[in-house]
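*Asks:* Pasting start_13.pdb below, which is PDB, N, CA and C atoms.
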ATOM      1  N   MET A1296     -17.729-127.334   4.403
ATOM      2  CA  MET A1296     -17.906-127.851   5.724
ATOM      3  C   MET A1296     -17.689-126.714   6.713
ATOM      4  N   SER A1297     -18.620-126.493   7.596
ATOM      5  CA  SER A1297     -18.485-125.422   8.581
ATOM      6  C   SER A1297     -17.600-125.899   9.735
ATOM      7  N   THR A1298     -17.176-124.963  10.545
ATOM      8  CA  THR A1298     -16.310-125.325  11.662
ATOM      9  C   THR A1298     -17.066-126.103  12.735
ATOM     10  N   ASP A1299     -18.382-125.993  12.779
ATOM     11  CA  ASP A1299     -19.158-126.763  13.743
ATOM     12  C   ASP A1299     -19.134-128.248  13.416
ATOM     13  N   GLN A1300     -18.970-128.601  12.155
ATOM     14  CA  GLN A1300     -18.994-129.995  11.738
ATOM     15  C   GLN A1300     -17.616-130.656  11.780
ATOM     16  N   LEU A1301     -16.582-129.907  12.064
ATOM     17  CA  LEU A1301     -15.239-130.466  12.111
ATOM     18  C   LEU A1301     -15.033-131.240  13.412
ATOM     19  N   THR A1302     -14.305-132.320  13.327
ATOM     20  CA  THR A1302     -13.964-133.056  14.532
ATOM     21  C   THR A1302     -12.805-132.358  15.222
ATOM     22  N   VAL A1303     -12.506-132.796  16.424
ATOM     23  CA  VAL A1303     -11.414-132.195  17.183
ATOM     24  C   VAL A1303     -10.088-132.379  16.442
ATOM     25  N   THR A1304      -9.880-133.540  15.859
ATOM     26  CA  THR A1304      -8.646-133.798  15.111
ATOM     27  C   THR A1304      -8.532-132.874  13.908
ATOM     28  N   ASP A1305      -9.639-132.656  13.214
ATOM     29  CA  ASP A1305      -9.617-131.742  12.073
ATOM     30  C   ASP A1305      -9.283-130.324  12.512
ATOM     31  N   ARG A1306      -9.837-129.906  13.639
ATOM     32  CA  ARG A1306      -9.564-128.556  14.134
ATOM     33  C   ARG A1306      -8.091-128.404  14.519
ATOM     34  N   LEU A1307      -7.556-129.407  15.205
ATOM     35  CA  LEU A1307      -6.144-129.338  15.581
ATOM     36  C   LEU A1307      -5.248-129.342  14.356
ATOM     37  N   ASP A1308      -5.628-130.125  13.347
ATOM     38  CA  ASP A1308      -4.847-130.169  12.119
ATOM     39  C   ASP A1308      -4.866-128.812  11.425
ATOM     40  N   ARG A1309      -6.013-128.165  11.410
ATOM     41  CA  ARG A1309      -6.117-126.832  10.806
ATOM     42  C   ARG A1309      -5.273-125.823  11.563
ATOM     43  N   LEU A1310      -5.335-125.869  12.899
ATOM     44  CA  LEU A1310      -4.541-124.940  13.708
ATOM     45  C   LEU A1310      -3.057-125.179  13.496
ATOM     46  N   ASP A1311      -2.663-126.439  13.379
ATOM     47  CA  ASP A1311      -1.261-126.763  13.158
ATOM     48  C   ASP A1311      -0.785-126.199  11.817
ATOM     49  N   ARG A1312      -1.601-126.345  10.780
ATOM     50  CA  ARG A1312      -1.215-125.817   9.470
ATOM     51  C   ARG A1312      -1.160-124.297   9.497
ATOM     52  N   LEU A1313      -2.087-123.651  10.197
ATOM     53  CA  LEU A1313      -2.070-122.190  10.288
ATOM     54  C   LEU A1313      -0.827-121.716  11.035
ATOM     55  N   ASP A1314      -0.480-122.427  12.096
ATOM     56  CA  ASP A1314       0.669-122.035  12.887
ATOM     57  C   ASP A1314       1.959-122.180  12.088
ATOM     58  N   ARG A1315       2.057-123.214  11.286
ATOM     59  CA  ARG A1315       3.257-123.406  10.487
ATOM     60  C   ARG A1315       3.321-122.431   9.329
ATOM     61  N   ALA A1316       2.205-121.920   8.911
ATOM     62  CA  ALA A1316       2.190-121.018   7.768
ATOM     63  C   ALA A1316       2.435-119.569   8.156
ATOM     64  N   THR A1317       2.572-119.280   9.437
ATOM     65  CA  THR A1317       2.705-117.884   9.861
ATOM     66  C   THR A1317       4.109-117.323   9.730
ATOM     67  N   GLY A1318       5.029-118.078   9.175
ATOM     68  CA  GLY A1318       6.382-117.556   8.997
ATOM     69  C   GLY A1318       7.234-117.753  10.221
ATOM     70  N   GLY A1319       7.278-118.962  10.744
ATOM     71  CA  GLY A1319       8.054-119.258  11.930
ATOM     72  C   GLY A1319       9.536-119.022  11.740
ATOM     73  N   HIS A1320      10.012-118.979  10.488
ATOM     74  CA  HIS A1320      11.435-118.734  10.255
ATOM     75  C   HIS A1320      11.842-117.364  10.781
ATOM     76  N   GLN A1321      10.913-116.415  10.803
ATOM     77  CA  GLN A1321      11.239-115.097  11.329
ATOM     78  C   GLN A1321      11.530-115.179  12.819
ATOM     79  N   THR A1322      10.772-115.992  13.547
ATOM     80  CA  THR A1322      11.015-116.160  14.966
ATOM     81  C   THR A1322      12.355-116.844  15.191
ATOM     82  N   GLY A1323      12.679-117.806  14.357
ATOM     83  CA  GLY A1323      13.978-118.459  14.474
ATOM     84  C   GLY A1323      15.118-117.481  14.251
ATOM     85  N   MET A1324      14.950-116.582  13.324
ATOM     86  CA  MET A1324      15.991-115.590  13.056
ATOM     87  C   MET A1324      16.108-114.609  14.215
ATOM     88  N   ALA A1325      14.987-114.278  14.847
ATOM     89  CA  ALA A1325      15.054-113.383  16.005
ATOM     90  C   ALA A1325      15.868-114.029  17.121
ATOM     91  N   SER A1326      15.664-115.317  17.321
ATOM     92  CA  SER A1326      16.437-116.034  18.332
ATOM     93  C   SER A1326      17.921-116.036  17.987
ATOM     94  N   LEU A1327      18.217-116.240  16.720
ATOM     95  CA  LEU A1327      19.620-116.255  16.284
ATOM     96  C   LEU A1327      20.274-114.892  16.496
ATOM     97  N   VAL A1328      19.586-113.831  16.152
ATOM     98  CA  VAL A1328      20.144-112.480  16.312
ATOM     99  C   VAL A1328      20.337-112.152  17.788
ATOM    100  N   LEU A1329      19.341-112.465  18.616
ATOM    101  CA  LEU A1329      19.468-112.192  20.047
ATOM    102  C   LEU A1329      20.602-113.008  20.668
ATOM    103  N   GLY A1330      20.708-114.272  20.270
ATOM    104  CA  GLY A1330      21.780-115.106  20.794
ATOM    105  C   GLY A1330      23.148-114.615  20.381
ATOM    106  N   ALA A1331      23.273-114.197  19.128
ATOM    107  CA  ALA A1331      24.550-113.666  18.651
ATOM    108  C   ALA A1331      24.915-112.384  19.399
ATOM    109  N   CYS A1332      23.936-111.540  19.651
ATOM    110  CA  CYS A1332      24.205-110.302  20.392
ATOM    111  C   CYS A1332      24.624-110.606  21.829
ATOM    112  N   ALA A1333      23.978-111.601  22.448
ATOM    113  CA  ALA A1333      24.348-111.980  23.816
ATOM    114  C   ALA A1333      25.775-112.502  23.856
ATOM    115  N   PHE A1334      26.134-113.314  22.879
ATOM    116  CA  PHE A1334      27.480-113.871  22.826
ATOM    117  C   PHE A1334      28.510-112.781  22.535
ATOM    118  N   LEU A1335      28.181-111.880  21.624
ATOM    119  CA  LEU A1335      29.116-110.804  21.282
ATOM    120  C   LEU A1335      29.267-109.797  22.419
ATOM    121  N   ALA A1336      28.238-109.660  23.250
ATOM    122  CA  ALA A1336      28.339-108.738  24.378
ATOM    123  C   ALA A1336      29.446-109.165  25.327
ATOM    124  N   LEU A1337      29.705-110.472  25.394
ATOM    125  CA  LEU A1337      30.799-110.941  26.251
ATOM    126  C   LEU A1337      32.156-110.480  25.731
ATOM    127  N   GLY A1338      32.264-110.308  24.435
ATOM    128  CA  GLY A1338      33.523-109.874  23.839
ATOM    129  C   GLY A1338      33.848-108.411  24.073
ATOM    130  N   THR A1339      32.903-107.666  24.602
ATOM    131  CA  THR A1339      33.135-106.240  24.839
ATOM    132  C   THR A1339      33.808-105.982  26.181
ATOM    133  N   LEU A1340      34.148-107.039  26.908
ATOM    134  CA  LEU A1340      34.714-106.879  28.248
ATOM    135  C   LEU A1340      35.935-105.965  28.288
ATOM    136  N   PRO A1341      36.925-106.122  27.409
ATOM    137  CA  PRO A1341      38.090-105.229  27.503
ATOM    138  C   PRO A1341      37.762-103.765  27.190
ATOM    139  N   ALA A1342      36.855-103.532  26.272
ATOM    140  CA  ALA A1342      36.577-102.156  25.841
ATOM    141  C   ALA A1342      35.494-101.483  26.689
ATOM    142  N   ALA A1343      34.426-102.177  26.951
ATOM    143  CA  ALA A1343      33.299-101.596  27.683
ATOM    144  C   ALA A1343      32.757-102.631  28.672
ATOM    145  N   PRO A1344      33.326-102.676  29.862
ATOM    146  CA  PRO A1344      32.971-103.739  30.810
ATOM    147  C   PRO A1344      31.486-103.795  31.174
ATOM    148  N   TYR A1345      30.827-102.663  31.241
ATOM    149  CA  TYR A1345      29.417-102.678  31.642
ATOM    150  C   TYR A1345      28.482-103.151  30.538
ATOM    151  N   LEU A1346      28.961-103.165  29.305
ATOM    152  CA  LEU A1346      28.165-103.685  28.197
ATOM    153  C   LEU A1346      27.974-105.199  28.314
ATOM    154  N   VAL A1347      28.861-105.848  29.064
ATOM    155  CA  VAL A1347      28.754-107.294  29.288
ATOM    156  C   VAL A1347      27.453-107.626  30.004
ATOM    157  N   LEU A1348      26.945-106.698  30.784
ATOM    158  CA  LEU A1348      25.707-106.946  31.523
ATOM    159  C   LEU A1348      24.519-107.183  30.596
ATOM    160  N   LEU A1349      24.618-106.766  29.349
ATOM    161  CA  LEU A1349      23.550-107.020  28.379
ATOM    162  C   LEU A1349      23.466-108.480  27.959
ATOM    163  N   ALA A1350      24.506-109.242  28.223
ATOM    164  CA  ALA A1350      24.511-110.647  27.812
ATOM    165  C   ALA A1350      23.404-111.429  28.503
ATOM    166  N   LEU A1351      23.084-111.086  29.737
ATOM    167  CA  LEU A1351      22.046-111.831  30.462
ATOM    168  C   LEU A1351      20.660-111.634  29.859
ATOM    169  N   PRO A1352      20.161-110.405  29.720
ATOM    170  CA  PRO A1352      18.805-110.271  29.156
ATOM    171  C   PRO A1352      18.726-110.705  27.695
ATOM    172  N   LEU A1353      19.774-110.443  26.924
ATOM    173  CA  LEU A1353      19.759-110.865  25.522
ATOM    174  C   LEU A1353      19.792-112.392  25.411
ATOM    175  N   GLY A1354      20.579-113.028  26.263
ATOM    176  CA  GLY A1354      20.648-114.486  26.252
ATOM    177  C   GLY A1354      19.326-115.125  26.649
ATOM    178  N   ILE A1355      18.705-114.587  27.676
ATOM    179  CA  ILE A1355      17.406-115.120  28.103
ATOM    180  C   ILE A1355      16.367-114.922  27.006
ATOM    181  N   ALA A1356      16.363-113.762  26.387
ATOM    182  CA  ALA A1356      15.408-113.504  25.301
ATOM    183  C   ALA A1356      15.643-114.445  24.121
ATOM    184  N   ALA A1357      16.898-114.744  23.822
ATOM    185  CA  ALA A1357      17.211-115.653  22.716
ATOM    186  C   ALA A1357      16.717-117.055  23.011
ATOM    187  N   VAL A1358      16.936-117.524  24.226
ATOM    188  CA  VAL A1358      16.497-118.869  24.590
ATOM    189  C   VAL A1358      14.971-118.959  24.558
ATOM    190  N   VAL A1359      14.305-117.964  25.123
ATOM    191  CA  VAL A1359      12.842-117.976  25.140
ATOM    192  C   VAL A1359      12.279-117.913  23.723
ATOM    193  N   SER A1360      12.844-117.056  22.897
ATOM    194  CA  SER A1360      12.373-116.926  21.519
ATOM    195  C   SER A1360      12.607-118.204  20.725
ATOM    196  N   GLY A1361      13.760-118.817  20.909
ATOM    197  CA  GLY A1361      14.064-120.052  20.194
ATOM    198  C   GLY A1361      13.189-121.211  20.624
ATOM    199  N   VAL A1362      12.973-121.339  21.926
ATOM    200  CA  VAL A1362      12.109-122.410  22.428
ATOM    201  C   VAL A1362      10.675-122.200  21.954
ATOM    202  N   ARG A1363      10.232-120.956  21.979
ATOM    203  CA  ARG A1363       8.877-120.657  21.508
ATOM    204  C   ARG A1363       8.719-121.013  20.030
ATOM    205  N   ALA A1364       9.725-120.711  19.240
ATOM    206  CA  ALA A1364       9.673-121.041  17.807
ATOM    207  C   ALA A1364       9.648-122.547  17.591
ATOM    208  N   LEU A1365      10.455-123.273  18.341
ATOM    209  CA  LEU A1365      10.478-124.720  18.194
ATOM    210  C   LEU A1365       9.186-125.364  18.683
ATOM    211  N   ARG A1366       8.603-124.816  19.728
ATOM    212  CA  ARG A1366       7.339-125.368  20.232
ATOM    213  C   ARG A1366       6.200-125.110  19.262
ATOM    214  N   ARG A1367       6.260-123.995  18.565
ATOM    215  CA  ARG A1367       5.234-123.708  17.557
ATOM    216  C   ARG A1367       5.371-124.611  16.347
ATOM    217  N   GLY A1368       6.546-125.138  16.149
ATOM    218  CA  GLY A1368       6.774-125.997  14.994
ATOM    219  C   GLY A1368       7.212-125.194  13.789
ATOM    220  N   VAL A1369       8.410-124.655  13.856
ATOM    221  CA  VAL A1369       8.945-123.867  12.754
ATOM    222  C   VAL A1369       8.975-124.745  11.509
ATOM    223  N   ALA A1370       8.405-124.245  10.437
ATOM    224  CA  ALA A1370       8.215-125.048   9.231
ATOM    225  C   ALA A1370       9.501-125.267   8.449
ATOM    226  N   ALA A1371      10.277-124.257   8.269
ATOM    227  CA  ALA A1371      11.467-124.354   7.413
ATOM    228  C   ALA A1371      12.642-124.935   8.189
ATOM    229  N   PRO A1372      13.432-125.794   7.557
ATOM    230  CA  PRO A1372      14.622-126.318   8.236
ATOM    231  C   PRO A1372      15.596-125.214   8.639
ATOM    232  N   SER A1373      15.691-124.177   7.837
ATOM    233  CA  SER A1373      16.581-123.073   8.193
ATOM    234  C   SER A1373      16.085-122.356   9.447
ATOM    235  N   GLY A1374      14.782-122.295   9.631
ATOM    236  CA  GLY A1374      14.225-121.692  10.838
ATOM    237  C   GLY A1374      14.532-122.513  12.073
ATOM    238  N   ARG A1375      14.454-123.841  11.937
ATOM    239  CA  ARG A1375      14.810-124.708  13.065
ATOM    240  C   ARG A1375      16.293-124.572  13.399
ATOM    241  N   THR A1376      17.125-124.525  12.374
ATOM    242  CA  THR A1376      18.563-124.360  12.592
ATOM    243  C   THR A1376      18.851-123.021  13.259
ATOM    244  N   ALA A1377      18.191-121.981  12.803
ATOM    245  CA  ALA A1377      18.383-120.655  13.396
ATOM    246  C   ALA A1377      17.922-120.645  14.850
ATOM    247  N   SER A1378      16.816-121.320  15.143
ATOM    248  CA  SER A1378      16.321-121.372  16.518
ATOM    249  C   SER A1378      17.287-122.102  17.432
ATOM    250  N   VAL A1379      17.766-123.253  16.989
ATOM    251  CA  VAL A1379      18.689-124.039  17.810
ATOM    252  C   VAL A1379      20.004-123.288  17.997
ATOM    253  N   THR A1380      20.498-122.656  16.952
ATOM    254  CA  THR A1380      21.733-121.873  17.064
ATOM    255  C   THR A1380      21.531-120.684  17.999
ATOM    256  N   GLY A1381      20.371-120.037  17.901
ATOM    257  CA  GLY A1381      20.068-118.924  18.800
ATOM    258  C   GLY A1381      19.991-119.363  20.249
ATOM    259  N   ILE A1382      19.400-120.538  20.480
ATOM    260  CA  ILE A1382      19.329-121.067  21.847
ATOM    261  C   ILE A1382      20.738-121.360  22.365
ATOM    262  N   ALA A1383      21.569-121.946  21.525
ATOM    263  CA  ALA A1383      22.939-122.274  21.945
ATOM    264  C   ALA A1383      23.743-121.006  22.248
ATOM    265  N   LEU A1384      23.656-120.021  21.364
ATOM    266  CA  LEU A1384      24.409-118.780  21.594
ATOM    267  C   LEU A1384      23.864-118.018  22.798
ATOM    268  N   GLY A1385      22.547-118.011  22.951
ATOM    269  CA  GLY A1385      21.946-117.357  24.116
ATOM    270  C   GLY A1385      22.362-118.028  25.413
ATOM    271  N   SER A1386      22.415-119.355  25.391
ATOM    272  CA  SER A1386      22.856-120.090  26.580
ATOM    273  C   SER A1386      24.315-119.796  26.895
ATOM    274  N   LEU A1387      25.143-119.719  25.862
ATOM    275  CA  LEU A1387      26.542-119.357  26.082
ATOM    276  C   LEU A1387      26.669-117.942  26.654
ATOM    277  N   GLY A1388      25.808-117.039  26.187
ATOM    278  CA  GLY A1388      25.815-115.675  26.718
ATOM    279  C   GLY A1388      25.445-115.644  28.192
ATOM    280  N   VAL A1389      24.417-116.403  28.575
ATOM    281  CA  VAL A1389      23.989-116.441  29.974
ATOM    282  C   VAL A1389      25.057-117.109  30.839
ATOM    283  N   LEU A1390      25.601-118.233  30.364
ATOM    284  CA  LEU A1390      26.643-118.917  31.129
ATOM    285  C   LEU A1390      27.921-118.076  31.236
ATOM    286  N   GLY A1391      28.257-117.386  30.160
ATOM    287  CA  GLY A1391      29.420-116.503  30.196
ATOM    288  C   GLY A1391      29.222-115.354  31.164
ATOM    289  N   TRP A1392      28.020-114.811  31.175
ATOM    290  CA  TRP A1392      27.705-113.739  32.106
ATOM    291  C   TRP A1392      27.832-114.238  33.543
ATOM    292  N   ALA A1393      27.285-115.424  33.819
ATOM    293  CA  ALA A1393      27.362-115.984  35.169
ATOM    294  C   ALA A1393      28.812-116.243  35.567
ATOM    295  N   ALA A1394      29.609-116.755  34.637
ATOM    296  CA  ALA A1394      31.014-117.016  34.933
ATOM    297  C   ALA A1394      31.774-115.720  35.227
ATOM    298  N   LEU A1395      31.476-114.678  34.475
ATOM    299  CA  LEU A1395      32.130-113.388  34.731
ATOM    300  C   LEU A1395      31.725-112.808  36.081
ATOM    301  N   MET A1396      30.454-112.980  36.455
ATOM    302  CA  MET A1396      30.027-112.477  37.764
ATOM    303  C   MET A1396      30.740-113.226  38.892
ATOM    304  N   VAL A1397      30.890-114.535  38.742
ATOM    305  CA  VAL A1397      31.619-115.317  39.750
ATOM    306  C   VAL A1397      33.084-114.890  39.786
ATOM    307  N   LEU A1398      33.669-114.688  38.617
ATOM    308  CA  LEU A1398      35.068-114.262  38.551
ATOM    309  C   LEU A1398      35.259-112.895  39.199
ATOM    310  N   TRP A1399      34.356-111.963  38.895
ATOM    311  CA  TRP A1399      34.460-110.644  39.513
ATOM    312  C   TRP A1399      34.315-110.731  41.031
ATOM    313  N   TYR A1400      33.422-111.580  41.514
ATOM    314  CA  TYR A1400      33.238-111.753  42.951
ATOM    315  C   TYR A1400      34.503-112.324  43.585
ATOM    316  N   LEU A1401      35.086-113.347  42.951
ATOM    317  CA  LEU A1401      36.286-113.959  43.520
ATOM    318  C   LEU A1401      37.470-112.992  43.513
ATOM    319  N   VAL A1402      37.613-112.207  42.456
ATOM    320  CA  VAL A1402      38.678-111.198  42.406
ATOM    321  C   VAL A1402      38.453-110.152  43.472
ATOM    322  N   ASP A1403      37.229-109.736  43.669
ATOM    323  CA  ASP A1403      36.914-108.745  44.694
ATOM    324  C   ASP A1403      37.234-109.279  46.079
ATOM    325  N   GLN A1404      36.921-110.539  46.318
ATOM    326  CA  GLN A1404      37.227-111.139  47.610
ATOM    327  C   GLN A1404      38.735-111.268  47.813
ATOM    328  N   ALA A1405      39.457-111.609  46.758
ATOM    329  CA  ALA A1405      40.914-111.756  46.878
ATOM    330  C   ALA A1405      41.582-110.408  47.095
ATOM    331  N   VAL A1406      41.093-109.370  46.438
ATOM    332  CA  VAL A1406      41.695-108.044  46.585
ATOM    333  C   VAL A1406      41.375-107.437  47.942
ATOM    334  N   SER A1407      40.203-107.704  48.485
ATOM    335  CA  SER A1407      39.800-107.084  49.740
ATOM    336  C   SER A1407      40.490-107.716  50.951
ATOM    337  N   ARG A1408      41.138-108.858  50.796
ATOM    338  CA  ARG A1408      41.839-109.487  51.935
ATOM    339  C   ARG A1408      43.156-108.890  52.174
TER     340      ARG A1408
END
Before anything else, please render the file you have as structure tokens.
*Replies:*
Amino acid sequence: MSTDQLTVTDRLDRLDRLDRATGGHQTGMASLVLGACAFLALGTLPAAPYLVLLALPLGIAAVVSGVRALRRGVAAPSGRTASVTGIALGSLGVLGWAALMVLWYLVDQAVSR
């Protein structure tokens, strides 16, 4: 059967199977690694305070990568788990970064008075 004879449903079904077969677990793992790095960057505050600034871009990248993997339909359950964990860790990294920026601002305001 040629692609001209396929119905729209058949074409979407084929695209869905191709998308799931592309190894979505790798994208889930990328999200997990980025999220873990964003979360761990917050732990560097006592040793290297400026390294904490990496938590924001790493966290955003983890969330975007994880959402993209889930929207594509990651085939393996481990890939879905890795994506969700990466999104959670990335979100914690972004929220931690925001909390530290607010804390630094409040300390600066208290010291300058």
*Asks:* Could you pull the residues within 6 Å of region 1383-1393 of chain A, counting all atoms listed in the file, minus those fewer than 6 positions along the same chain, as a list in words?
*Replies:*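 Result of the neighbour search: Leu1329, Gly1330, Ala1331, Ala1333, Phe1334, Ala1350, Leu1351, Leu1353, Gly1354, Ile1355, Ala1357 and Val1358 of chain A.
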*Asks:* Using only C-alpha atoms, find the one residue out of A:Ala1343, A:Leu1337, A:Val1397, A:Ala1325 that sits nearest to Gly1361 (chain A).
*Replies:* A:Ala1325
*Asks:* Take CA of Ser1378 (chain A) and atom N of Leu1327 (chain A) and report the distance between them in Å, one decimal.
*Replies:* 5.5 Å
*Asks:* For the atom pair atom N of Thr1339 (chain A) and atom C of Ala1394 (chain A), what is the interatomic distance in Å to one decimal place?
*Replies:*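 According to the coordinates, atom N of Thr1339 (chain A) and atom C of Ala1394 (chain A) are separated by 13.4 Å.
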*Asks:* Between CA of Leu1348 (chain A) and CA of Tyr1400 (chain A), what is the distance in Å, rounded to a tenth?
*Replies:*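 Separation of CA of Leu1348 (chain A) and CA of Tyr1400 (chain A): 14.5 Å.
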*Asks:* Could you give me the centre and size, in Å to one decimal, of an axis-aligned box around all listed atoms of region 1375-1381 of chain A with 8 Å added on every side, as JSON?
*Replies:*
{"center_x": 18.1, "center_y": -121.8, "center_z": 16.1, "size_x": 23.3, "size_y": 21.8, "size_z": 24.3}
*Asks:* DSSP on the backbone, then: every residue of region 1340-1381 of chain A marked helix (DSSP H, G or I), written as a PyMOL selection string.
*Replies:* chain A and resi 1344-1367+1372-1381
*Asks:* Mind dumping the selected residues with N, CA and C atoms as a CSV table (one decimal), keeping the file's coordinate frame?
*Replies:*
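Now in part.csv:
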chain,number,residue,atom,x,y,z
A,1344,PRO,N,33.3,-102.7,29.9
A,1344,PRO,CA,33.0,-103.7,30.8
A,1344,PRO,C,31.5,-103.8,31.2
A,1345,TYR,N,30.8,-102.7,31.2
A,1345,TYR,CA,29.4,-102.7,31.6
A,1345,TYR,C,28.5,-103.2,30.5
A,1346,LEU,N,29.0,-103.2,29.3
A,1346,LEU,CA,28.2,-103.7,28.2
A,1346,LEU,C,28.0,-105.2,28.3
A,1347,VAL,N,28.9,-105.8,29.1
A,1347,VAL,CA,28.8,-107.3,29.3
A,1347,VAL,C,27.5,-107.6,30.0
A,1348,LEU,N,26.9,-106.7,30.8
A,1348,LEU,CA,25.7,-106.9,31.5
A,1348,LEU,C,24.5,-107.2,30.6
A,1349,LEU,N,24.6,-106.8,29.3
A,1349,LEU,CA,23.6,-107.0,28.4
A,1349,LEU,C,23.5,-108.5,28.0
A,1350,ALA,N,24.5,-109.2,28.2
A,1350,ALA,CA,24.5,-110.6,27.8
A,1350,ALA,C,23.4,-111.4,28.5
A,1351,LEU,N,23.1,-111.1,29.7
A,1351,LEU,CA,22.0,-111.8,30.5
A,1351,LEU,C,20.7,-111.6,29.9
A,1352,PRO,N,20.2,-110.4,29.7
A,1352,PRO,CA,18.8,-110.3,29.2
A,1352,PRO,C,18.7,-110.7,27.7
A,1353,LEU,N,19.8,-110.4,26.9
A,1353,LEU,CA,19.8,-110.9,25.5
A,1353,LEU,C,19.8,-112.4,25.4
A,1354,GLY,N,20.6,-113.0,26.3
A,1354,GLY,CA,20.6,-114.5,26.3
A,1354,GLY,C,19.3,-115.1,26.6
A,1355,ILE,N,18.7,-114.6,27.7
A,1355,ILE,CA,17.4,-115.1,28.1
A,1355,ILE,C,16.4,-114.9,27.0
A,1356,ALA,N,16.4,-113.8,26.4
A,1356,ALA,CA,15.4,-113.5,25.3
A,1356,ALA,C,15.6,-114.4,24.1
A,1357,ALA,N,16.9,-114.7,23.8
A,1357,ALA,CA,17.2,-115.7,22.7
A,1357,ALA,C,16.7,-117.1,23.0
A,1358,VAL,N,16.9,-117.5,24.2
A,1358,VAL,CA,16.5,-118.9,24.6
A,1358,VAL,C,15.0,-119.0,24.6
A,1359,VAL,N,14.3,-118.0,25.1
A,1359,VAL,CA,12.8,-118.0,25.1
A,1359,VAL,C,12.3,-117.9,23.7
A,1360,SER,N,12.8,-117.1,22.9
A,1360,SER,CA,12.4,-116.9,21.5
A,1360,SER,C,12.6,-118.2,20.7
A,1361,GLY,N,13.8,-118.8,20.9
A,1361,GLY,CA,14.1,-120.1,20.2
A,1361,GLY,C,13.2,-121.2,20.6
A,1362,VAL,N,13.0,-121.3,21.9
A,1362,VAL,CA,12.1,-122.4,22.4
A,1362,VAL,C,10.7,-122.2,22.0
A,1363,ARG,N,10.2,-121.0,22.0
A,1363,ARG,CA,8.9,-120.7,21.5
A,1363,ARG,C,8.7,-121.0,20.0
A,1364,ALA,N,9.7,-120.7,19.2
A,1364,ALA,CA,9.7,-121.0,17.8
A,1364,ALA,C,9.6,-122.5,17.6
A,1365,LEU,N,10.5,-123.3,18.3
A,1365,LEU,CA,10.5,-124.7,18.2
A,1365,LEU,C,9.2,-125.4,18.7
A,1366,ARG,N,8.6,-124.8,19.7
A,1366,ARG,CA,7.3,-125.4,20.2
A,1366,ARG,C,6.2,-125.1,19.3
A,1367,ARG,N,6.3,-124.0,18.6
A,1367,ARG,CA,5.2,-123.7,17.6
A,1367,ARG,C,5.4,-124.6,16.3
A,1372,PRO,N,13.4,-125.8,7.6
A,1372,PRO,CA,14.6,-126.3,8.2
A,1372,PRO,C,15.6,-125.2,8.6
A,1373,SER,N,15.7,-124.2,7.8
A,1373,SER,CA,16.6,-123.1,8.2
A,1373,SER,C,16.1,-122.4,9.4
A,1374,GLY,N,14.8,-122.3,9.6
A,1374,GLY,CA,14.2,-121.7,10.8
A,1374,GLY,C,14.5,-122.5,12.1
A,1375,ARG,N,14.5,-123.8,11.9
A,1375,ARG,CA,14.8,-124.7,13.1
A,1375,ARG,C,16.3,-124.6,13.4
A,1376,THR,N,17.1,-124.5,12.4
A,1376,THR,CA,18.6,-124.4,12.6
A,1376,THR,C,18.9,-123.0,13.3
A,1377,ALA,N,18.2,-122.0,12.8
A,1377,ALA,CA,18.4,-120.7,13.4
A,1377,ALA,C,17.9,-120.6,14.8
A,1378,SER,N,16.8,-121.3,15.1
A,1378,SER,CA,16.3,-121.4,16.5
A,1378,SER,C,17.3,-122.1,17.4
A,1379,VAL,N,17.8,-123.3,17.0
A,1379,VAL,CA,18.7,-124.0,17.8
A,1379,VAL,C,20.0,-123.3,18.0
A,1380,THR,N,20.5,-122.7,17.0
A,1380,THR,CA,21.7,-121.9,17.1
A,1380,THR,C,21.5,-120.7,18.0
A,1381,GLY,N,20.4,-120.0,17.9
A,1381,GLY,CA,20.1,-118.9,18.8
A,1381,GLY,C,20.0,-119.4,20.2
*Asks:* On this structure, which residues satisfy the PyMOL selection byres ((chain A and resi 1363-1365) around 7), written as a ChimeraX atom specification?
*Replies:* /A:1319,1322-1323,1358-1362,1366-1369,1375,1378
